[in-house]
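Structure file model-v1.cif (mmCIF, C-alpha atoms) follows.
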```
data_work
#
loop_
_atom_site.label_atom_id
_atom_site.label_comp_id
_atom_site.auth_asym_id
_atom_site.auth_seq_id
_atom_site.Cartn_x
_atom_site.Cartn_y
_atom_site.Cartn_z
CA MET A 1 3.00 -33.46 14.35
CA LYS A 2 3.97 -31.75 11.08
CA LEU A 3 6.22 -29.28 12.90
CA PHE A 4 7.85 -32.15 14.84
CA ALA A 5 8.50 -34.07 11.60
CA ARG A 6 9.95 -31.00 9.83
CA GLU A 7 12.26 -30.26 12.76
CA HIS A 8 13.64 -33.82 12.95
CA LEU A 9 13.89 -34.44 9.20
CA PRO A 10 17.60 -33.35 9.11
CA LEU A 11 18.32 -35.77 11.99
CA LEU A 12 16.78 -38.64 10.03
CA PHE A 13 18.86 -37.81 6.95
CA TRP A 14 22.02 -37.55 9.07
CA SER A 15 21.29 -40.90 10.76
CA ALA A 16 20.72 -42.54 7.36
CA LEU A 17 24.09 -41.19 6.23
CA GLN A 18 25.75 -42.62 9.36
CA TRP A 19 24.17 -46.01 8.74
CA ALA A 20 25.46 -46.01 5.18
CA VAL A 21 28.96 -45.17 6.45
CA VAL A 22 28.79 -48.05 8.99
CA VAL A 23 27.85 -50.55 6.27
CA LEU A 24 30.57 -49.17 3.97
CA VAL A 25 33.23 -49.48 6.72
CA TYR A 26 32.19 -53.06 7.37
CA ARG A 27 32.44 -53.81 3.65
CA LEU A 28 35.78 -52.08 3.05
CA ASP A 29 37.36 -53.70 6.12
CA GLY A 30 36.85 -57.13 4.65
CA PHE A 31 33.91 -58.29 6.71
CA THR A 32 31.98 -60.58 4.45
CA ARG A 33 29.00 -60.98 6.70
CA LEU A 34 27.07 -57.77 6.04
CA SER A 35 24.24 -59.10 8.16
CA THR A 36 26.18 -57.99 11.23
CA ALA A 37 26.43 -54.48 9.83
CA PHE A 38 22.73 -54.38 8.99
CA TYR A 39 21.94 -55.67 12.48
CA ALA A 40 23.97 -52.78 13.95
CA VAL A 41 22.06 -50.39 11.71
CA PHE A 42 18.77 -51.96 12.83
CA LEU A 43 19.66 -51.51 16.51
CA SER A 44 20.64 -47.92 15.84
CA ALA A 45 17.30 -47.29 14.06
CA VAL A 46 15.37 -48.82 16.98
CA LEU A 47 17.20 -46.61 19.46
CA LEU A 48 16.59 -43.54 17.28
CA SER A 49 12.88 -44.41 17.01
CA CYS A 50 12.63 -44.74 20.79
CA TYR A 51 14.34 -41.37 21.19
CA LEU A 52 11.95 -39.71 18.70
CA LEU A 53 8.90 -41.25 20.39
CA ILE A 54 10.01 -40.12 23.83
CA ARG A 55 10.80 -36.63 22.55
CA TYR A 56 7.46 -36.36 20.76
CA PHE A 57 5.37 -37.31 23.79
CA THR A 58 7.37 -35.10 26.15
CA HIS A 59 7.26 -32.13 23.76
CA ARG A 60 3.79 -32.66 22.28
CA GLY A 61 2.26 -29.71 24.13
CA PHE A 62 5.22 -27.55 23.16
CA TYR A 63 4.76 -28.25 19.44
CA ALA A 64 1.00 -27.77 19.73
CA ARG A 65 1.58 -24.37 21.32
CA LEU A 66 3.84 -23.36 18.43
CA THR A 67 1.41 -24.63 15.79
CA ASP A 68 -2.13 -23.82 17.04
CA ARG A 69 -3.64 -20.38 16.49
CA LEU A 70 -4.08 -18.47 19.75
CA GLY A 71 -7.58 -17.34 20.72
CA SER A 72 -6.15 -14.80 23.18
CA LEU A 73 -2.78 -13.58 24.36
CA GLY A 74 -3.16 -15.30 27.73
CA GLN A 75 -3.30 -18.74 26.12
CA SER A 76 0.40 -18.52 25.26
CA VAL A 77 1.34 -18.87 28.93
CA VAL A 78 -1.25 -21.40 30.11
CA ARG A 79 0.43 -24.70 29.21
CA ARG A 80 3.39 -26.11 31.12
CA GLU A 81 5.85 -28.85 30.12
CA THR A 82 8.62 -30.41 32.21
CA ALA A 83 11.16 -30.82 29.39
CA PRO A 84 14.00 -28.25 29.56
CA LEU A 85 13.36 -26.47 26.22
CA PRO A 86 9.55 -26.05 26.59
CA SER A 87 10.02 -25.08 30.24
CA ALA A 88 12.56 -22.39 29.31
CA LEU A 89 10.30 -21.10 26.54
CA GLY A 90 7.38 -21.00 29.00
CA ARG A 91 9.39 -18.88 31.42
CA LEU A 92 10.39 -16.54 28.60
CA LEU A 93 6.78 -16.14 27.47
CA ASP A 94 5.70 -15.55 31.08
CA ALA A 95 8.24 -12.74 31.41
CA GLN A 96 7.26 -11.20 28.07
CA TYR A 97 3.57 -11.39 28.88
CA SER A 98 4.17 -9.78 32.28
CA HIS A 99 6.15 -6.90 30.72
CA TYR A 100 3.53 -6.44 28.01
CA ARG A 101 0.65 -6.42 30.52
CA ASN A 102 2.45 -3.86 32.70
CA GLU A 103 3.03 -1.59 29.70
CA ILE A 104 -0.60 -1.89 28.61
CA GLN A 105 -1.83 -1.09 32.12
CA ALA A 106 0.45 1.95 32.28
CA TRP A 107 -0.81 3.12 28.89
CA GLU A 108 -4.44 2.63 29.95
CA ARG A 109 -3.81 4.57 33.14
CA LYS A 110 -2.34 7.47 31.14
CA GLN A 111 -5.30 7.36 28.77
CA ARG A 112 -7.76 7.51 31.67
CA GLU A 113 -5.87 10.43 33.21
CA HIS A 114 -5.83 12.24 29.87
CA LEU A 115 -9.54 11.58 29.34
CA THR A 116 -10.33 12.89 32.83
CA PHE A 117 -8.27 16.02 32.18
CA VAL A 118 -9.96 16.65 28.82
CA ASN A 119 -13.44 16.27 30.32
CA GLN A 120 -12.63 18.55 33.25
CA TRP A 121 -11.05 21.17 31.01
CA ALA A 122 -13.97 21.10 28.56
CA HIS A 123 -16.54 21.51 31.35
CA GLN A 124 -14.51 24.36 32.86
CA MET A 125 -14.46 26.13 29.49
CA LYS A 126 -18.26 26.02 29.31
CA THR A 127 -18.60 28.53 32.15
CA PRO A 128 -16.66 31.41 30.53
CA LEU A 129 -18.34 30.66 27.20
CA SER A 130 -21.76 30.92 28.86
CA VAL A 131 -20.74 34.27 30.37
CA ILE A 132 -19.55 35.50 26.97
CA GLU A 133 -22.85 34.41 25.44
CA MET A 134 -24.85 36.28 28.10
CA ILE A 135 -22.81 39.47 27.63
CA THR A 136 -23.01 39.46 23.83
CA GLN A 137 -26.66 38.37 23.60
CA ASN A 138 -28.96 40.81 21.79
CA GLU A 139 -26.17 43.34 21.34
CA GLU A 140 -26.04 45.42 18.16
CA ASP A 141 -22.34 46.23 18.45
CA GLU A 142 -20.52 44.57 15.54
CA ARG A 143 -17.55 43.73 17.75
CA LEU A 144 -19.73 41.94 20.30
CA ARG A 145 -21.49 40.07 17.49
CA SER A 146 -18.11 38.89 16.22
CA ILE A 147 -17.17 37.73 19.73
CA SER A 148 -20.46 35.84 19.92
CA GLU A 149 -19.68 34.08 16.63
CA GLU A 150 -16.24 33.02 17.84
CA GLY A 151 -17.81 31.81 21.10
CA ASP A 152 -20.17 29.61 19.10
CA ARG A 153 -17.24 28.09 17.22
CA MET A 154 -15.43 27.40 20.47
CA ARG A 155 -18.51 25.83 22.05
CA HIS A 156 -19.13 23.55 19.08
CA GLY A 157 -15.44 22.57 19.01
CA ILE A 158 -15.49 21.71 22.71
CA GLU A 159 -18.66 19.66 22.25
CA MET A 160 -16.98 17.69 19.46
CA MET A 161 -13.94 17.08 21.68
CA LEU A 162 -16.15 15.89 24.55
CA TYR A 163 -18.06 13.46 22.37
CA SER A 164 -14.82 12.22 20.83
CA ALA A 165 -13.47 11.49 24.33
CA ARG A 166 -16.70 9.76 25.36
CA LEU A 167 -16.41 7.32 22.46
CA GLU A 168 -13.88 5.40 24.57
CA THR A 169 -16.58 4.75 27.18
CA PHE A 170 -19.53 4.59 24.81
CA GLU A 171 -21.18 1.60 26.51
CA GLN A 172 -21.32 3.48 29.83
CA ASP A 173 -23.07 6.44 28.22
CA PHE A 174 -25.69 4.68 26.11
CA GLY A 175 -29.43 4.23 26.56
CA VAL A 176 -32.10 3.11 24.11
CA GLU A 177 -35.38 5.00 23.89
CA THR A 178 -38.02 5.96 21.34
CA VAL A 179 -36.71 8.99 19.45
CA SER A 180 -38.69 11.25 17.14
CA LEU A 181 -36.67 12.06 14.02
CA ARG A 182 -38.63 15.28 13.52
CA GLN A 183 -37.84 16.47 17.04
CA THR A 184 -34.17 15.56 16.63
CA ALA A 185 -33.96 17.46 13.33
CA LYS A 186 -35.69 20.56 14.79
CA GLU A 187 -33.39 20.59 17.83
CA ALA A 188 -30.31 20.31 15.61
CA VAL A 189 -31.49 23.17 13.37
CA HIS A 190 -32.26 25.31 16.43
CA GLU A 191 -28.77 24.58 17.78
CA TYR A 192 -27.24 26.04 14.62
CA LYS A 193 -29.70 28.89 14.07
CA ARG A 194 -27.04 31.59 14.41
CA LEU A 195 -24.68 29.65 12.16
CA PHE A 196 -27.45 29.45 9.54
CA ILE A 197 -27.96 33.22 9.72
CA ARG A 198 -24.23 33.95 9.65
CA SER A 199 -23.66 31.66 6.67
CA HIS A 200 -26.69 32.96 4.69
CA VAL A 201 -28.08 29.43 4.44
CA TYR A 202 -31.72 28.53 5.10
CA PRO A 203 -32.90 25.40 6.94
CA GLU A 204 -35.82 23.27 5.79
CA VAL A 205 -37.20 20.38 7.86
CA ASN A 206 -39.43 17.90 6.02
CA VAL A 207 -39.77 15.11 8.58
CA ASP A 208 -43.18 13.64 9.33
CA GLU A 209 -44.22 13.08 12.95
CA ARG A 210 -44.63 9.34 12.34
CA PHE A 211 -40.90 8.78 11.89
CA ALA A 212 -39.52 7.43 15.15
CA VAL A 213 -36.77 4.92 15.96
CA GLN A 214 -35.37 3.03 18.93
CA THR A 215 -31.88 4.43 19.61
CA ASP A 216 -29.88 6.75 21.89
CA ALA A 217 -31.27 10.28 21.50
CA LYS A 218 -28.09 12.11 22.55
CA TRP A 219 -25.74 10.21 20.25
CA LEU A 220 -28.17 10.41 17.31
CA ARG A 221 -28.41 14.16 17.85
CA PHE A 222 -24.60 14.33 17.76
CA ILE A 223 -24.52 12.59 14.36
CA VAL A 224 -27.17 14.94 12.95
CA LEU A 225 -25.30 17.98 14.29
CA GLN A 226 -22.06 16.90 12.63
CA LEU A 227 -23.75 16.30 9.28
CA LEU A 228 -25.67 19.56 9.56
CA SER A 229 -22.50 21.48 10.45
CA ASN A 230 -20.77 20.15 7.32
CA ALA A 231 -23.80 20.99 5.16
CA ILE A 232 -23.85 24.59 6.41
CA LYS A 233 -20.07 24.99 6.14
CA TYR A 234 -19.91 23.86 2.52
CA SER A 235 -22.99 25.91 1.54
CA SER A 236 -21.84 29.11 3.24
CA GLY A 237 -22.69 32.29 1.35
CA SER A 238 -24.76 30.50 -1.30
CA GLY A 239 -28.15 31.70 -0.06
CA ARG A 240 -29.49 28.19 -0.68
CA THR A 241 -31.35 25.67 1.44
CA VAL A 242 -30.15 22.82 3.62
CA THR A 243 -32.91 20.22 3.81
CA VAL A 244 -33.44 17.65 6.53
CA SER A 245 -35.97 15.06 5.38
CA ALA A 246 -37.06 11.52 6.19
CA PHE A 247 -38.51 8.69 4.12
CA GLU A 248 -38.90 4.93 4.17
CA ARG A 249 -36.70 2.40 2.41
CA ASP A 250 -37.70 -1.26 2.62
CA GLY A 251 -39.90 -0.42 5.57
CA ALA A 252 -37.06 1.16 7.57
CA PRO A 253 -36.66 4.92 8.17
CA VAL A 254 -33.94 7.00 6.52
CA LEU A 255 -32.94 10.50 7.65
CA GLU A 256 -31.31 12.64 4.97
CA ILE A 257 -29.36 15.92 5.25
CA ARG A 258 -28.97 17.49 1.82
CA ASP A 259 -27.15 20.71 0.92
CA ARG A 260 -26.75 22.59 -2.36
CA GLY A 261 -23.15 23.63 -1.78
CA VAL A 262 -19.83 23.01 -3.46
CA GLY A 263 -20.04 19.21 -3.37
CA ILE A 264 -17.21 16.73 -2.89
CA PRO A 265 -14.79 15.79 -5.70
CA LYS A 266 -15.14 12.20 -6.84
CA ALA A 267 -11.54 11.41 -5.87
CA ASP A 268 -12.27 12.33 -2.23
CA LEU A 269 -15.51 10.36 -1.78
CA LYS A 270 -13.83 7.13 -0.65
CA ARG A 271 -11.81 8.89 2.05
CA VAL A 272 -14.22 11.40 3.58
CA PHE A 273 -14.90 9.13 6.60
CA GLN A 274 -11.20 8.84 7.46
CA PRO A 275 -9.94 10.86 10.45
CA PHE A 276 -8.35 14.26 9.71
CA TYR A 277 -8.92 13.90 5.96
CA THR A 278 -10.07 17.25 4.54
CA GLY A 279 -9.54 16.63 0.84
CA GLU A 280 -9.65 19.29 -1.84
CA ASN A 281 -12.34 21.31 -0.06
CA GLY A 282 -10.11 21.55 3.00
CA ARG A 283 -7.80 23.88 1.09
CA THR A 284 -10.68 26.27 0.43
CA PHE A 285 -12.54 26.02 3.72
CA LYS A 286 -9.88 26.59 6.37
CA GLU A 287 -12.17 25.56 9.25
CA SER A 288 -12.25 21.97 8.02
CA THR A 289 -10.83 19.54 10.56
CA GLY A 290 -11.63 16.25 8.82
CA MET A 291 -13.15 14.92 12.05
CA GLY A 292 -16.88 15.61 11.63
CA LEU A 293 -17.75 12.79 9.24
CA TYR A 294 -15.27 10.46 10.93
CA LEU A 295 -16.85 10.90 14.37
CA ALA A 296 -20.34 10.64 12.88
CA SER A 297 -19.44 7.35 11.19
CA GLU A 298 -17.84 5.95 14.37
CA VAL A 299 -20.91 6.78 16.46
CA ALA A 300 -23.17 5.35 13.73
CA LYS A 301 -21.28 2.03 13.88
CA LYS A 302 -21.74 1.86 17.64
CA LEU A 303 -25.46 2.59 17.25
CA GLU A 304 -25.62 -0.07 14.50
CA LEU A 305 -26.62 2.53 11.93
CA ARG A 306 -25.16 3.09 8.47
CA LEU A 307 -24.17 6.31 6.73
CA GLU A 308 -24.61 6.69 3.00
CA LEU A 309 -23.11 9.62 1.10
CA GLU A 310 -23.50 10.87 -2.45
CA SER A 311 -22.18 14.11 -3.86
CA GLU A 312 -21.63 16.02 -7.07
CA VAL A 313 -19.29 18.97 -7.49
CA GLY A 314 -21.31 22.17 -7.78
CA ALA A 315 -24.62 20.43 -7.05
CA GLY A 316 -24.25 19.59 -3.35
CA THR A 317 -24.05 16.62 -1.02
CA ALA A 318 -26.58 14.27 0.55
CA VAL A 319 -25.77 12.18 3.60
CA ARG A 320 -28.31 9.60 4.77
CA ILE A 321 -28.61 7.85 8.11
CA LEU A 322 -29.98 4.37 7.51
CA PHE A 323 -31.76 2.76 10.45
CA GLY A 324 -31.79 -1.03 10.38
CA SER A 325 -35.00 -1.38 12.41
CA ARG A 326 -38.58 -0.77 11.38
CA LEU A 327 -40.55 2.35 12.23
CA THR A 328 -41.52 2.72 15.87
CA THR A 329 -44.84 4.12 17.00
CA LEU A 330 -44.56 7.15 19.26
#
```
Output the file's structure in the form of C-alpha cells.
Amino acid sequence: MKLFAREHLPLLFWSALQWAVVVLVYRLDGFTRLSTAFYAVFLSAVLLSCYLLIRYFTHRGFYARLTDRLGSLGQSVVRRETAPLPSALGRLLDAQYSHYRNEIQAWERKQREHLTFVNQWAHQMKTPLSVIEMITQNEEDERLRSISEEGDRMRHGIEMMLYSARLETFEQDFGVETVSLRQTAKEAVHEYKRLFIRSHVYPEVNVDERFAVQTDAKWLRFIVLQLLSNAIKYSSGSGRTVTVSAFERDGAPVLEIRDRGVGIPKADLKRVFQPFYTGENGRTFKESTGMGLYLASEVAKKLELRLELESEVGAGTAVRILFGSRLTTL
C-alpha cells in the first residue's frame, strides 16, 4: 500500500493542479457560478478515485511482490497478475530465473566434474607414493631418506586436498560414534612420527582413557592432524615438546595441542582461520599454505565443535578443541 501511494503521489498533485486551473478558467472567463466548476472538479476526483481503486486491486499482488522480502528465489516467479505491467514483469522474471538456474546447474556440473577429477587423481597418486615408501623404508642412504621425507610431504598434501574436496559433500561422509580422545591423539602422533624425528620435536600425550565423545572419528582425526602439523612445523628444530592433553571445562571435554615454538604475532591472531592467510610466520616458514587452520575450523563447525587459540611470540601456541557435549562412557 505504501509503495502504491508513493508511486501515485505525483499523479494526485498533478490532478490537484489541473482542478485549480479548471476553477481559475471558470473564474477568469466570467462565470459567476463557481459551483459548476467545483462540481466538475468533484466529478473528476470521483473518476480519479475509481481509477486508483481499480488499479490498486488489479496490481495489489504486483506491489506486494515488489515490497515483501523473498524467502527464496523461486518465490519471485510464483505469483501471476493479468494486468499488462505485472504480466510483463512476471515474464521478465521468469526468463531471468530460467537463465540463472541454467547457469547455476552448469556451474554445479563443472564443480562435480572437477571434484571427481581431484578425487581420482589423488587416489592414483597414492599408489606411486606407496611404492616410494616401500623402496625407501629402512634404508640408510641419505638420498633415499630425503626422498622418503618428500614423499611424506606429498602424501600429507594430497590428504589435505582430499579432505578439502570432501567438505562439499560432508553430510554424505559423516557418521557419529563413540570416539576415544586418547586413541585419536595417539594415532595422530603415530602418523607424524617421522615428521617429529625430522623436526627434532618430541611428542607428549597426556589424555586419560576416560575422555570420549560422540562425533565422527575420521573428521576429528583430520582436525587433530592439522593442528599437530602446525605445532610441529612452528616448533621445528627447537628440540622442545608438543603436548596433546585433555581436561574438562564445565563438564565437557577439551582437547588441547600445545607447542613451545615461535608463537603467532598478536596482529595475526584474528586472521589465522582465514583461507590462505600465512601471516608473518609465513615469510619465515616457506611450507606454510594458510589452509591448515582454515580447514580445521571449517570441519569443526560442521561437527558443531569450537576451536580456541591462544599464542605468545617466543612462548608457543595452544589450540583447543571444545566439545559441546558431556563426556561419554566408553
Check your understanding: Near region 101-115 of chain A, counting only C-alpha atoms, which residues have an atom at most 10 Å away, once you skip same-chain residues fewer than 6 positions from it, shown as a list in words?
Key -> Ala95, Trp121, Leu162, Ala165, Arg166 and Glu168 of chain A
Check your understanding: How many Å separate CA of Val272 (chain A) from CA of Leu227 (chain A)?
Key ->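 Here the two named atoms are 12.1 Å from each other.
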**Study point:** Which of A:Leu144, A:Asn230, A:Arg194, A:Val41 sits closest to Leu17 (chain A) [using all atoms listed in the file]
**Key:**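 Once distances to Leu17 (chain A) are computed over all atoms listed in the file, the minimum belongs to A:Val41.
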Exercise for review: Work out how far apart CA of Ser130 (chain A) and CA of Met154 (chain A) are and give it in Å to one decimal.
Suggested key: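 Here the two named atoms are 11.1 Å from each other.
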For this structure, which residues satisfy the selection - the PyMOL selection byres ((chain A and resi 122) around 10) - when it is evaluated on the file as given? I want them as a CSV table (one decimal) with C-alpha atoms, in the frame of the given file.
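Saved result, part-v2.csv, follows:
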```csv
chain,number,residue,atom,x,y,z
A,116,THR,CA,-10.3,12.9,32.8
A,117,PHE,CA,-8.3,16.0,32.2
A,118,VAL,CA,-10.0,16.6,28.8
A,119,ASN,CA,-13.4,16.3,30.3
A,120,GLN,CA,-12.6,18.6,33.2
A,121,TRP,CA,-11.0,21.2,31.0
A,123,HIS,CA,-16.5,21.5,31.4
A,124,GLN,CA,-14.5,24.4,32.9
A,125,MET,CA,-14.5,26.1,29.5
A,126,LYS,CA,-18.3,26.0,29.3
A,127,THR,CA,-18.6,28.5,32.2
A,155,ARG,CA,-18.5,25.8,22.0
A,157,GLY,CA,-15.4,22.6,19.0
A,158,ILE,CA,-15.5,21.7,22.7
A,159,GLU,CA,-18.7,19.7,22.2
A,161,MET,CA,-13.9,17.1,21.7
A,162,LEU,CA,-16.2,15.9,24.6
```
Revision key, fill the gap. For Gly292 (chain A), the closest of A:Ala252, A:Met160, A:Ala212, A:Val189 counting only C-alpha atoms is A:Met160
Point to revise | Selected residue of minimal separation from Gln214 (chain A) among A:Tyr97, A:Tyr51, A:Tyr26, A:Phe323, counting only C-alpha atoms | key: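 Residue with the minimum atom-to-atom distance to Gln214 (chain A): A:Phe323.
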Study note, to complete from the structure: Here CA of Ser148 (chain A) and CA of Gly237 (chain A) stand apart by 19.0 Å
Can you list, as a PDB file with C-alpha atoms, in the frame of the given file, the residues that the PyMOL selection byres ((chain A and resi 171-179) around 6) selects here?
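For reference, out_29.pdb as written:
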```
ATOM      1  CA  THR A 169     -16.580   4.750  27.180  1.00  0.00           C
ATOM      2  CA  PHE A 170     -19.530   4.590  24.810  1.00  0.00           C
ATOM      3  CA  SER A 180     -38.690  11.250  17.140  1.00  0.00           C
ATOM      4  CA  ALA A 212     -39.520   7.430  15.150  1.00  0.00           C
ATOM      5  CA  VAL A 213     -36.770   4.920  15.960  1.00  0.00           C
ATOM      6  CA  GLN A 214     -35.370   3.030  18.930  1.00  0.00           C
ATOM      7  CA  THR A 215     -31.880   4.430  19.610  1.00  0.00           C
ATOM      8  CA  ASP A 216     -29.880   6.750  21.890  1.00  0.00           C
ATOM      9  CA  ALA A 217     -31.270  10.280  21.500  1.00  0.00           C
TER      10      ALA A 217
END
```
Point to revise | Residue with smallest distance to Asn206 (chain A) - pool A:Gln183, A:Thr243, A:Gln96, A:Ser229, counting all atoms listed in the file | key: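 Closest candidate: A:Thr243.
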